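Asks: Pasting upload32.txt here (compact mmCIF, C-alpha atoms (C1' of nucleotides)):
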```
# COMPACT_ATOMS: atom_id res chain seq x y z
CA MET A 1 -85.98 -41.22 -53.91
CA SER A 2 -88.82 -42.72 -55.90
CA ILE A 3 -88.79 -46.02 -57.71
CA GLU A 4 -89.04 -44.18 -61.03
CA VAL A 5 -85.72 -42.38 -60.76
CA MET A 6 -83.92 -45.27 -59.07
CA SER A 7 -82.86 -46.71 -62.42
CA THR A 8 -80.62 -43.72 -63.04
CA GLU A 9 -78.93 -44.05 -59.67
CA THR A 10 -75.79 -45.95 -58.77
CA ILE A 11 -76.01 -49.45 -57.37
CA GLY A 12 -74.73 -48.05 -54.09
CA LYS A 13 -77.50 -45.51 -53.66
CA LYS A 14 -80.01 -48.10 -54.71
CA LEU A 15 -78.78 -50.56 -52.09
CA ARG A 16 -78.85 -47.89 -49.42
CA TYR A 17 -82.39 -46.94 -50.36
CA ILE A 18 -83.52 -50.54 -50.14
CA ARG A 19 -81.75 -51.07 -46.82
CA GLU A 20 -83.30 -47.97 -45.28
CA GLU A 21 -86.71 -49.08 -46.51
CA LYS A 22 -86.18 -52.28 -44.56
CA GLU A 23 -84.91 -50.25 -41.61
CA LEU A 24 -81.83 -52.39 -41.30
CA PRO A 25 -78.67 -50.83 -39.84
CA LEU A 26 -75.32 -51.25 -41.61
CA ARG A 27 -74.16 -53.15 -38.56
CA LYS A 28 -76.68 -55.94 -39.05
CA VAL A 29 -76.30 -56.22 -42.81
CA ALA A 30 -72.52 -56.17 -42.58
CA ALA A 31 -72.71 -58.97 -40.03
CA LEU A 32 -74.87 -61.03 -42.37
CA LEU A 33 -72.41 -60.41 -45.19
CA ASP A 34 -69.50 -61.12 -42.86
CA ILE A 35 -67.72 -57.92 -43.85
CA ASP A 36 -66.65 -54.79 -41.95
CA VAL A 37 -69.27 -52.07 -41.42
CA ALA A 38 -66.85 -49.51 -42.86
CA ILE A 39 -66.57 -51.41 -46.12
CA LEU A 40 -70.33 -51.69 -46.57
CA SER A 41 -70.68 -48.00 -45.80
CA LYS A 42 -68.11 -47.17 -48.46
CA MET A 43 -69.73 -49.52 -50.94
CA GLU A 44 -73.09 -47.80 -50.57
CA ARG A 45 -71.44 -44.44 -51.11
CA GLY A 46 -69.40 -45.59 -54.10
CA GLU A 47 -66.08 -45.27 -52.33
CA ARG A 48 -65.32 -48.97 -52.59
CA ARG A 49 -66.17 -51.37 -55.36
CA ILE A 50 -69.02 -53.75 -54.79
CA THR A 51 -68.46 -57.34 -55.85
CA LYS A 52 -70.95 -59.45 -57.71
CA GLU A 53 -70.97 -61.82 -54.76
CA VAL A 54 -72.05 -59.07 -52.35
CA VAL A 55 -74.78 -57.92 -54.72
CA LEU A 56 -76.23 -61.43 -54.86
CA LYS A 57 -76.05 -61.83 -51.10
CA LEU A 58 -77.81 -58.50 -50.60
CA ALA A 59 -80.55 -59.50 -53.05
CA ASN A 60 -81.11 -62.49 -50.80
CA ILE A 61 -80.97 -60.52 -47.55
CA TYR A 62 -83.32 -57.82 -48.81
CA ASP A 63 -85.51 -60.28 -50.73
CA TYR A 64 -85.01 -58.07 -53.78
CA ASN A 65 -84.89 -59.08 -57.44
CA ALA A 66 -81.33 -60.26 -58.08
CA ASP A 67 -81.35 -59.62 -61.83
CA ASP A 68 -82.46 -56.05 -61.26
CA LEU A 69 -79.58 -55.44 -58.89
CA LEU A 70 -77.09 -57.21 -61.16
CA VAL A 71 -78.07 -55.08 -64.14
CA SER A 72 -77.65 -51.99 -62.00
CA TYR A 73 -74.30 -53.26 -60.75
CA LEU A 74 -73.03 -54.04 -64.25
CA SER A 75 -74.18 -50.71 -65.65
CA ASP A 76 -72.24 -49.04 -62.86
CA LYS A 77 -69.07 -50.80 -63.94
CA ILE A 78 -69.75 -49.90 -67.56
CA LEU A 79 -70.33 -46.22 -66.81
CA TYR A 80 -67.14 -46.14 -64.76
CA GLU A 81 -65.18 -47.16 -67.84
CA ILE A 82 -66.51 -44.40 -70.08
CA GLN A 83 -66.62 -41.78 -67.31
CA ASP A 84 -67.14 -38.45 -69.03
CA GLU A 85 -65.94 -39.46 -72.47
CA ASP A 86 -67.58 -37.54 -75.27
CA LEU A 87 -67.83 -40.70 -77.31
CA GLY A 88 -69.26 -42.72 -74.44
CA ILE A 89 -72.73 -43.17 -75.87
CA GLU A 90 -71.34 -44.11 -79.28
CA ALA A 91 -69.11 -46.65 -77.58
CA LEU A 92 -72.09 -48.09 -75.71
CA LYS A 93 -73.98 -48.53 -78.95
CA LEU A 94 -71.05 -50.31 -80.57
CA ALA A 95 -70.54 -52.45 -77.48
CA GLU A 96 -74.18 -53.52 -77.59
CA GLN A 97 -73.88 -54.37 -81.26
CA ARG A 98 -70.76 -56.43 -80.56
CA ALA A 99 -72.33 -58.10 -77.53
CA LYS A 100 -75.26 -59.22 -79.65
CA TYR A 101 -72.88 -60.46 -82.32
CA ILE A 102 -70.90 -62.44 -79.78
CA LYS A 103 -74.04 -63.87 -78.22
CA ALA A 104 -75.40 -64.97 -81.59
CA ASN A 105 -72.14 -66.60 -82.65
CA LYS A 106 -70.99 -68.32 -79.51
CA LYS A 107 -71.06 -72.08 -79.35
CA LYS A 108 -71.57 -73.67 -75.98
CA MET B 1 -60.69 -59.15 -92.66
CA SER B 2 -63.07 -56.83 -94.45
CA ILE B 3 -64.08 -53.37 -93.35
CA GLU B 4 -67.63 -54.59 -92.77
CA VAL B 5 -66.76 -57.03 -90.01
CA MET B 6 -64.08 -54.85 -88.47
CA SER B 7 -66.59 -53.15 -86.23
CA THR B 8 -67.16 -56.38 -84.35
CA GLU B 9 -63.43 -56.90 -83.78
CA THR B 10 -61.31 -55.84 -80.87
CA ILE B 11 -59.34 -52.62 -81.00
CA GLY B 12 -56.18 -54.73 -81.06
CA LYS B 13 -57.12 -56.70 -84.15
CA LYS B 14 -58.26 -53.53 -85.80
CA LEU B 15 -54.96 -51.82 -85.14
CA ARG B 16 -53.04 -54.81 -86.42
CA TYR B 17 -55.13 -54.88 -89.56
CA ILE B 18 -54.47 -51.20 -90.19
CA ARG B 19 -50.76 -51.56 -89.51
CA GLU B 20 -50.44 -54.48 -91.89
CA GLU B 21 -52.33 -52.54 -94.54
CA LYS B 22 -49.67 -49.86 -94.20
CA GLU B 23 -46.96 -52.54 -94.24
CA LEU B 24 -45.35 -51.13 -91.15
CA PRO B 25 -43.40 -53.50 -88.87
CA LEU B 26 -44.01 -53.48 -85.12
CA ARG B 27 -40.43 -52.34 -84.75
CA LYS B 28 -41.01 -49.07 -86.55
CA VAL B 29 -44.37 -48.28 -84.95
CA ALA B 30 -43.09 -49.12 -81.49
CA ALA B 31 -40.17 -46.76 -82.09
CA LEU B 32 -42.55 -43.97 -83.08
CA LEU B 33 -44.60 -44.64 -79.95
CA ASP B 34 -41.43 -44.91 -77.88
CA ILE B 35 -42.52 -48.20 -76.34
CA ASP B 36 -41.11 -51.72 -76.39
CA VAL B 37 -41.93 -53.93 -79.39
CA ALA B 38 -43.12 -56.65 -77.04
CA ILE B 39 -45.70 -54.37 -75.48
CA LEU B 40 -47.13 -53.26 -78.81
CA SER B 41 -47.29 -56.90 -79.92
CA LYS B 42 -49.21 -57.78 -76.79
CA MET B 43 -51.49 -54.79 -77.16
CA GLU B 44 -52.47 -55.85 -80.66
CA ARG B 45 -53.23 -59.34 -79.42
CA GLY B 46 -55.19 -58.16 -76.40
CA GLU B 47 -52.65 -59.42 -73.90
CA ARG B 48 -51.89 -55.95 -72.57
CA ARG B 49 -54.20 -53.01 -72.14
CA ILE B 50 -53.99 -50.24 -74.66
CA THR B 51 -54.05 -46.72 -73.31
CA LYS B 52 -56.09 -43.90 -74.75
CA GLU B 53 -52.84 -42.06 -75.38
CA VAL B 54 -51.48 -44.89 -77.55
CA VAL B 55 -54.73 -45.09 -79.50
CA LEU B 56 -54.54 -41.39 -80.31
CA LYS B 57 -50.88 -41.61 -81.29
CA LEU B 58 -51.63 -44.55 -83.57
CA ALA B 59 -54.49 -42.68 -85.21
CA ASN B 60 -51.93 -40.02 -86.02
CA ILE B 61 -49.26 -42.44 -87.21
CA TYR B 62 -51.67 -44.40 -89.39
CA ASP B 63 -53.58 -41.29 -90.48
CA TYR B 64 -56.76 -43.04 -89.35
CA ASN B 65 -59.95 -41.52 -87.92
CA ALA B 66 -59.27 -40.99 -84.22
CA ASP B 67 -62.90 -41.03 -83.12
CA ASP B 68 -63.45 -44.34 -84.85
CA LEU B 69 -60.54 -45.88 -83.01
CA LEU B 70 -61.56 -44.32 -79.70
CA VAL B 71 -65.08 -45.73 -79.97
CA SER B 72 -63.61 -49.13 -80.70
CA TYR B 73 -61.21 -48.76 -77.78
CA LEU B 74 -63.95 -47.73 -75.37
CA SER B 75 -66.29 -50.50 -76.49
CA ASP B 76 -63.46 -52.94 -75.80
CA LYS B 77 -63.21 -51.71 -72.22
CA ILE B 78 -66.98 -51.89 -71.84
CA LEU B 79 -67.20 -55.44 -73.15
CA TYR B 80 -64.38 -56.48 -70.86
CA GLU B 81 -66.51 -55.43 -67.88
CA ILE B 82 -69.53 -57.50 -68.82
CA GLN B 83 -67.49 -60.42 -70.15
CA ASP B 84 -69.93 -63.28 -70.65
CA GLU B 85 -72.60 -62.05 -68.28
CA ASP B 86 -76.08 -63.19 -69.21
CA LEU B 87 -77.42 -59.76 -68.31
CA GLY B 88 -74.74 -57.94 -70.27
CA ILE B 89 -76.99 -56.58 -72.98
CA GLU B 90 -79.59 -55.45 -70.44
CA ALA B 91 -76.82 -53.70 -68.52
CA LEU B 92 -75.64 -51.97 -71.69
CA LYS B 93 -79.12 -50.66 -72.35
CA LEU B 94 -79.43 -49.31 -68.82
CA ALA B 95 -75.96 -47.81 -69.02
CA GLU B 96 -76.88 -46.01 -72.23
CA GLN B 97 -80.05 -44.70 -70.62
CA ARG B 98 -78.09 -43.48 -67.63
CA ALA B 99 -75.34 -41.96 -69.82
CA LYS B 100 -77.94 -39.96 -71.71
CA TYR B 101 -79.52 -38.87 -68.44
CA ILE B 102 -76.15 -37.73 -67.09
CA LYS B 103 -75.29 -35.94 -70.33
CA ALA B 104 -78.62 -34.11 -70.35
CA ASN B 105 -78.35 -33.04 -66.72
CA LYS B 106 -74.72 -32.09 -66.35
CA LYS B 107 -73.83 -28.49 -65.84
CA LYS B 108 -70.46 -27.35 -67.10
C1' DA C 1 -75.27 -32.01 -20.66
C1' DC C 2 -75.03 -37.28 -20.98
C1' DC C 3 -75.34 -41.94 -23.07
C1' DT C 4 -76.12 -45.09 -26.92
C1' DC C 5 -76.48 -46.52 -31.44
C1' DT C 6 -75.13 -45.68 -36.00
C1' DA C 7 -72.31 -44.15 -39.62
C1' DT C 8 -68.13 -42.00 -41.59
C1' DT C 9 -63.35 -41.08 -42.13
C1' DG C 10 -58.59 -41.99 -42.40
C1' DA C 11 -54.46 -44.61 -41.55
C1' DC C 12 -52.12 -48.77 -42.09
C1' DA C 13 -50.37 -53.37 -43.80
C1' DT C 14 -50.95 -56.61 -47.14
C1' DA C 15 -52.71 -58.63 -51.48
C1' DA C 16 -53.61 -58.29 -56.15
C1' DT C 17 -52.97 -56.34 -60.46
C1' DG C 18 -50.65 -53.60 -63.94
C1' DT C 19 -46.34 -51.96 -66.24
C1' DG C 20 -41.67 -51.62 -68.38
C1' DT C 21 -37.45 -54.03 -69.62
C1' DC C 22 -35.04 -57.56 -71.43
C1' DA C 23 -33.53 -61.81 -73.67
C1' DA C 24 -34.53 -66.18 -75.60
C1' DA C 25 -37.45 -68.71 -78.67
C1' DA C 26 -40.45 -69.01 -82.56
C1' DT C 27 -42.04 -67.51 -86.96
C1' DT C 28 -41.71 -65.66 -91.53
C1' DA C 29 -39.48 -64.01 -95.66
C1' DA C 30 -35.60 -63.75 -98.69
C1' DT D 1 -29.35 -70.74 -93.86
C1' DT D 2 -29.51 -65.87 -92.81
C1' DA D 3 -31.91 -61.91 -91.43
C1' DA D 4 -35.92 -59.56 -89.94
C1' DT D 5 -39.94 -59.83 -87.40
C1' DT D 6 -42.79 -61.36 -83.87
C1' DT D 7 -43.96 -63.90 -79.72
C1' DT D 8 -43.23 -65.66 -75.20
C1' DG D 9 -41.96 -65.67 -70.52
C1' DA D 10 -39.51 -64.09 -66.56
C1' DC D 11 -38.37 -60.46 -63.62
C1' DA D 12 -38.48 -56.19 -60.75
C1' DC D 13 -41.09 -52.29 -59.84
C1' DA D 14 -45.17 -49.32 -59.48
C1' DT D 15 -49.87 -48.77 -58.89
C1' DT D 16 -54.13 -50.02 -57.21
C1' DA D 17 -57.35 -52.76 -54.43
C1' DT D 18 -58.61 -54.86 -50.10
C1' DG D 19 -59.35 -55.93 -45.07
C1' DT D 20 -58.79 -54.37 -40.36
C1' DC D 21 -59.04 -51.20 -36.99
C1' DA D 22 -59.69 -47.04 -34.23
C1' DA D 23 -60.93 -42.34 -33.86
C1' DT D 24 -64.40 -39.11 -35.14
C1' DA D 25 -68.92 -37.42 -36.25
C1' DG D 26 -73.85 -37.41 -36.17
C1' DA D 27 -78.65 -38.24 -34.52
C1' DG D 28 -81.95 -39.47 -30.78
C1' DG D 29 -83.39 -40.33 -26.55
C1' DT D 30 -83.03 -39.58 -21.21
```
Would you give me this structure, written as structure tokens?

Replies:
Amino acid sequence: MSIEVMSTETIGKKLRYIREEKELPLRKVAALLDIDVAILSKMERGERRITKEVVLKLANIYDYNADDLLVSYLSDKILYEIQDEDLGIEALKLAEQRAKYIKANKKK
Amino acid sequence: MSIEVMSTETIGKKLRYIREEKELPLRKVAALLDIDVAILSKMERGERRITKEVVLKLANIYDYNADDLLVSYLSDKILYEIQDEDLGIEALKLAEQRAKYIKANKKK
DNA sequence: ACCTCTATTGACATAATGTGTCAAAATTAA
DNA sequence: TTAATTTTGACACATTATGTCAATAGAGGT
């Protein structure tokens, strides 16, 4: 898998690619995360949900850009919601429009 | 609420607006949907999730464009996932890119 | 073949979340 | 006030998510 096509991959595949580049076994990474090896294996293969917390910890462990991984992680969650809906792309466009509207109008 | 700003509203508020335009009480609509009045009330106020099935039934009951409501419904689910994430808009852009990629490459 | 390390799979108990039903309370209109 | 409508909260139940563990599978080296 090249860097170019990585953006269209799931966060799981991306994390596995990065881990294998570092030549780190699941066993070691799972230990650092303090989670079961089975869970990390399933997370990389999309069988279990990854939490934001784990993504941030992995960015730290792999010394990889956290924002890049977070965007990938969030887009995964988004795509899961629209699955194979015909109107998915339309919904994404409206969601972006609404997100910008919310961002512009929120008081802090 | 005007039609112009309706696109930035939740599916719930939109459905309530349409229902009130038709001057239909929750009681009657809930009966047509065969669900409890309390649930429909909560759905309109975003306290309970609306199902795709209910959205389609309401489009029929209100004689309102189903695709329009579905896009609104899906964008609601999408925005729920990114909540108030700083990287939300970036994630939406990546998700759209990935959705287009998937759409272009899927075999049926 | 063996042995070792690594990764995957599935079963299980428990936790967390979602859902339907109902009645009381609150709101609104007449 | 009376009646209709809507909201709120509590409850039991169903569904889904999660962590733990052990058995299985796979790849390499000896």

Asks: So that I can check the surroundings of range 21-27 of chain A, please list as an NGL selection string every protein, DNA and RNA residue that reaches within 9 Å of it, counting all atoms listed in the file and ignoring chain neighbours fewer than 5 positions away.

Replies: (:A and (16 or 32 or 36-38 or 40-41 or 62)) or (:C and (6-7))

Asks: Using all atoms listed in the file, find each residue of chain C with at least one atom at most 9 Å away from an atom of chain B; report its shortest atom-to-atom pair and that distance in Å (one decimal), sort the rows by chain and rising residue number, and return the result as JSON lines.

Replies:
```
{"residue": "C:DG18", "atom": "C1'", "partner": "B:Arg49", "partner_atom": "CA", "distance": 9.0}
{"residue": "C:DG20", "atom": "C1'", "partner": "B:Asp36", "partner_atom": "CA", "distance": 8.0}
{"residue": "C:DT21", "atom": "C1'", "partner": "B:Asp36", "partner_atom": "CA", "distance": 8.0}
```

Asks: Using CA of Leu33 in chain A and CA of Glu90 in chain B as the two end points, give the distance in Å to one decimal.

Replies: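 Taking CA of Leu33 in chain A and CA of Glu90 in chain B, their separation equals 26.7 Å.
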
Asks: When you look at range 24-26 of chain C with a cut-off of 12 Å (counting all atoms listed in the file), what residues show up, excluding the ones that are within fewer than 5 positions of it in the same chain? I need them as a list in words.

Replies: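 Those residues are DT5, DT6, DT7, DT8, DG9 and DA10 of chain D.
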
Asks: Can you check which parts of chain B lie within 12 Å of chain A? Per residue, the shortest pair of atoms and distance in Å to one decimal, counting only C-alpha atoms, sorted by chain and number, as a Markdown table.

Replies:
```
| residue | atom | partner | partner_atom | distance |
| --- | --- | --- | --- | --- |
| B:Val5 | CA | A:Arg98 | CA | 10.3 |
| B:Met6 | CA | A:Arg98 | CA | 10.5 |
| B:Ser7 | CA | A:Leu94 | CA | 7.7 |
| B:Thr8 | CA | A:Arg98 | CA | 5.2 |
| B:Glu9 | CA | A:Arg98 | CA | 8.0 |
| B:Thr10 | CA | A:Arg98 | CA | 9.5 |
| B:Ile11 | CA | A:Ala95 | CA | 11.7 |
| B:Lys52 | CA | A:Glu85 | CA | 11.0 |
| B:Ala66 | CA | A:Leu87 | CA | 11.0 |
| B:Asp67 | CA | A:Leu87 | CA | 7.6 |
| B:Asp68 | CA | A:Leu87 | CA | 9.4 |
| B:Leu69 | CA | A:Ala91 | CA | 10.2 |
| B:Leu70 | CA | A:Leu87 | CA | 7.6 |
| B:Val71 | CA | A:Ala91 | CA | 4.8 |
| B:Ser72 | CA | A:Ala91 | CA | 6.8 |
| B:Tyr73 | CA | A:Ala91 | CA | 8.2 |
| B:Leu74 | CA | A:Ala91 | CA | 5.7 |
| B:Ser75 | CA | A:Ala95 | CA | 4.8 |
| B:Asp76 | CA | A:Ala95 | CA | 7.3 |
| B:Lys77 | CA | A:Glu81 | CA | 6.6 |
| B:Ile78 | CA | A:Ile78 | CA | 5.5 |
| B:Leu79 | CA | A:Ala95 | CA | 6.2 |
| B:Tyr80 | CA | A:Ile78 | CA | 9.1 |
| B:Glu81 | CA | A:Ile78 | CA | 6.4 |
| B:Ile82 | CA | A:Leu74 | CA | 6.7 |
| B:Gln83 | CA | A:Ala99 | CA | 9.1 |
| B:Asp84 | CA | A:Lys103 | CA | 8.6 |
| B:Glu85 | CA | A:Leu74 | CA | 9.0 |
| B:Asp86 | CA | A:Lys103 | CA | 9.3 |
| B:Leu87 | CA | A:Val71 | CA | 6.3 |
| B:Gly88 | CA | A:Leu74 | CA | 7.4 |
| B:Ile89 | CA | A:Glu96 | CA | 6.2 |
| B:Glu90 | CA | A:Val71 | CA | 6.5 |
| B:Ala91 | CA | A:Val71 | CA | 4.8 |
| B:Leu92 | CA | A:Glu96 | CA | 6.3 |
| B:Lys93 | CA | A:Glu96 | CA | 7.7 |
| B:Leu94 | CA | A:Ser75 | CA | 6.3 |
| B:Ala95 | CA | A:Ser75 | CA | 4.8 |
| B:Glu96 | CA | A:Ile89 | CA | 6.2 |
| B:Gln97 | CA | A:Thr8 | CA | 7.7 |
| B:Arg98 | CA | A:Thr8 | CA | 5.2 |
| B:Ala99 | CA | A:Ile89 | CA | 6.7 |
| B:Lys100 | CA | A:Ile89 | CA | 7.4 |
| B:Tyr101 | CA | A:Thr8 | CA | 7.3 |
| B:Ile102 | CA | A:Thr8 | CA | 8.5 |
| B:Lys103 | CA | A:Asp84 | CA | 8.6 |
| B:Asn105 | CA | A:Thr8 | CA | 11.5 |
| B:Lys106 | CA | A:Asp84 | CA | 10.3 |
| B:Lys108 | CA | A:Asp84 | CA | 11.7 |
```

Asks: Please produce a file of those selected residues containing C-alpha atoms, as a PDB file, in the coordinates of the input.

Replies:
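As written to disk, again.pdb reads:
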```
ATOM      1  CA  VAL B   5     -66.760 -57.030 -90.010  1.00  0.00           C
ATOM      2  CA  MET B   6     -64.080 -54.850 -88.470  1.00  0.00           C
ATOM      3  CA  SER B   7     -66.590 -53.150 -86.230  1.00  0.00           C
ATOM      4  CA  THR B   8     -67.160 -56.380 -84.350  1.00  0.00           C
ATOM      5  CA  GLU B   9     -63.430 -56.900 -83.780  1.00  0.00           C
ATOM      6  CA  THR B  10     -61.310 -55.840 -80.870  1.00  0.00           C
ATOM      7  CA  ILE B  11     -59.340 -52.620 -81.000  1.00  0.00           C
ATOM      8  CA  LYS B  52     -56.090 -43.900 -74.750  1.00  0.00           C
ATOM      9  CA  ALA B  66     -59.270 -40.990 -84.220  1.00  0.00           C
ATOM     10  CA  ASP B  67     -62.900 -41.030 -83.120  1.00  0.00           C
ATOM     11  CA  ASP B  68     -63.450 -44.340 -84.850  1.00  0.00           C
ATOM     12  CA  LEU B  69     -60.540 -45.880 -83.010  1.00  0.00           C
ATOM     13  CA  LEU B  70     -61.560 -44.320 -79.700  1.00  0.00           C
ATOM     14  CA  VAL B  71     -65.080 -45.730 -79.970  1.00  0.00           C
ATOM     15  CA  SER B  72     -63.610 -49.130 -80.700  1.00  0.00           C
ATOM     16  CA  TYR B  73     -61.210 -48.760 -77.780  1.00  0.00           C
ATOM     17  CA  LEU B  74     -63.950 -47.730 -75.370  1.00  0.00           C
ATOM     18  CA  SER B  75     -66.290 -50.500 -76.490  1.00  0.00           C
ATOM     19  CA  ASP B  76     -63.460 -52.940 -75.800  1.00  0.00           C
ATOM     20  CA  LYS B  77     -63.210 -51.710 -72.220  1.00  0.00           C
ATOM     21  CA  ILE B  78     -66.980 -51.890 -71.840  1.00  0.00           C
ATOM     22  CA  LEU B  79     -67.200 -55.440 -73.150  1.00  0.00           C
ATOM     23  CA  TYR B  80     -64.380 -56.480 -70.860  1.00  0.00           C
ATOM     24  CA  GLU B  81     -66.510 -55.430 -67.880  1.00  0.00           C
ATOM     25  CA  ILE B  82     -69.530 -57.500 -68.820  1.00  0.00           C
ATOM     26  CA  GLN B  83     -67.490 -60.420 -70.150  1.00  0.00           C
ATOM     27  CA  ASP B  84     -69.930 -63.280 -70.650  1.00  0.00           C
ATOM     28  CA  GLU B  85     -72.600 -62.050 -68.280  1.00  0.00           C
ATOM     29  CA  ASP B  86     -76.080 -63.190 -69.210  1.00  0.00           C
ATOM     30  CA  LEU B  87     -77.420 -59.760 -68.310  1.00  0.00           C
ATOM     31  CA  GLY B  88     -74.740 -57.940 -70.270  1.00  0.00           C
ATOM     32  CA  ILE B  89     -76.990 -56.580 -72.980  1.00  0.00           C
ATOM     33  CA  GLU B  90     -79.590 -55.450 -70.440  1.00  0.00           C
ATOM     34  CA  ALA B  91     -76.820 -53.700 -68.520  1.00  0.00           C
ATOM     35  CA  LEU B  92     -75.640 -51.970 -71.690  1.00  0.00           C
ATOM     36  CA  LYS B  93     -79.120 -50.660 -72.350  1.00  0.00           C
ATOM     37  CA  LEU B  94     -79.430 -49.310 -68.820  1.00  0.00           C
ATOM     38  CA  ALA B  95     -75.960 -47.810 -69.020  1.00  0.00           C
ATOM     39  CA  GLU B  96     -76.880 -46.010 -72.230  1.00  0.00           C
ATOM     40  CA  GLN B  97     -80.050 -44.700 -70.620  1.00  0.00           C
ATOM     41  CA  ARG B  98     -78.090 -43.480 -67.630  1.00  0.00           C
ATOM     42  CA  ALA B  99     -75.340 -41.960 -69.820  1.00  0.00           C
ATOM     43  CA  LYS B 100     -77.940 -39.960 -71.710  1.00  0.00           C
ATOM     44  CA  TYR B 101     -79.520 -38.870 -68.440  1.00  0.00           C
ATOM     45  CA  ILE B 102     -76.150 -37.730 -67.090  1.00  0.00           C
ATOM     46  CA  LYS B 103     -75.290 -35.940 -70.330  1.00  0.00           C
ATOM     47  CA  ASN B 105     -78.350 -33.040 -66.720  1.00  0.00           C
ATOM     48  CA  LYS B 106     -74.720 -32.090 -66.350  1.00  0.00           C
ATOM     49  CA  LYS B 108     -70.460 -27.350 -67.100  1.00  0.00           C
TER      50      LYS B 108
END
```

Asks: Could you list, as a list in words, every residue within 10 Å of range 27-30 of chain D, counting only C-alpha atoms (C1' of nucleotides) and ignoring same-chain residues fewer than 2 positions away?

Replies: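 These residues fall inside the cut-off: DC2, DC3, DT4, DC5 and DT6 of chain C; DA25 of chain D.
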
Asks: What is the distance, in Å and to one decimal place, between CA of Ala30 in chain B and C1' of DA23 in chain C?

Replies: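 That distance, rounded to one decimal, is 17.7 Å.
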
Asks: Pull out every residue of chain D that has at least one atom within 9 Å of chain A, counting all atoms listed in the file, and report them as a ChimeraX atom specification.

Replies: /D:17,19-20

Asks: Give me, please, the distance in Å between CA of Val55 in chain B and C1' of DA14 in chain D, quoted to one decimal.

Replies: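 It comes out at 22.6 Å.
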
Asks: Give me the residues near DT15 in chain D as a PyMOL selection string, where near means some atom within 12 Å (using all atoms listed in the file) and where sequence neighbours in that chain fewer than 3 positions away do not count.

Replies: chain C and resi 16-19

Asks: Once you add 6 Å to each side, what are the centre and edge lengths of the axis-aligned box holding all listed atoms of range 13-22 of chain B? One decimal in Å, as JSON, if you can.

Replies:
```
{"center_x": -54.0, "center_y": -53.3, "center_z": -89.3, "size_x": 20.6, "size_y": 18.8, "size_z": 22.4}
```
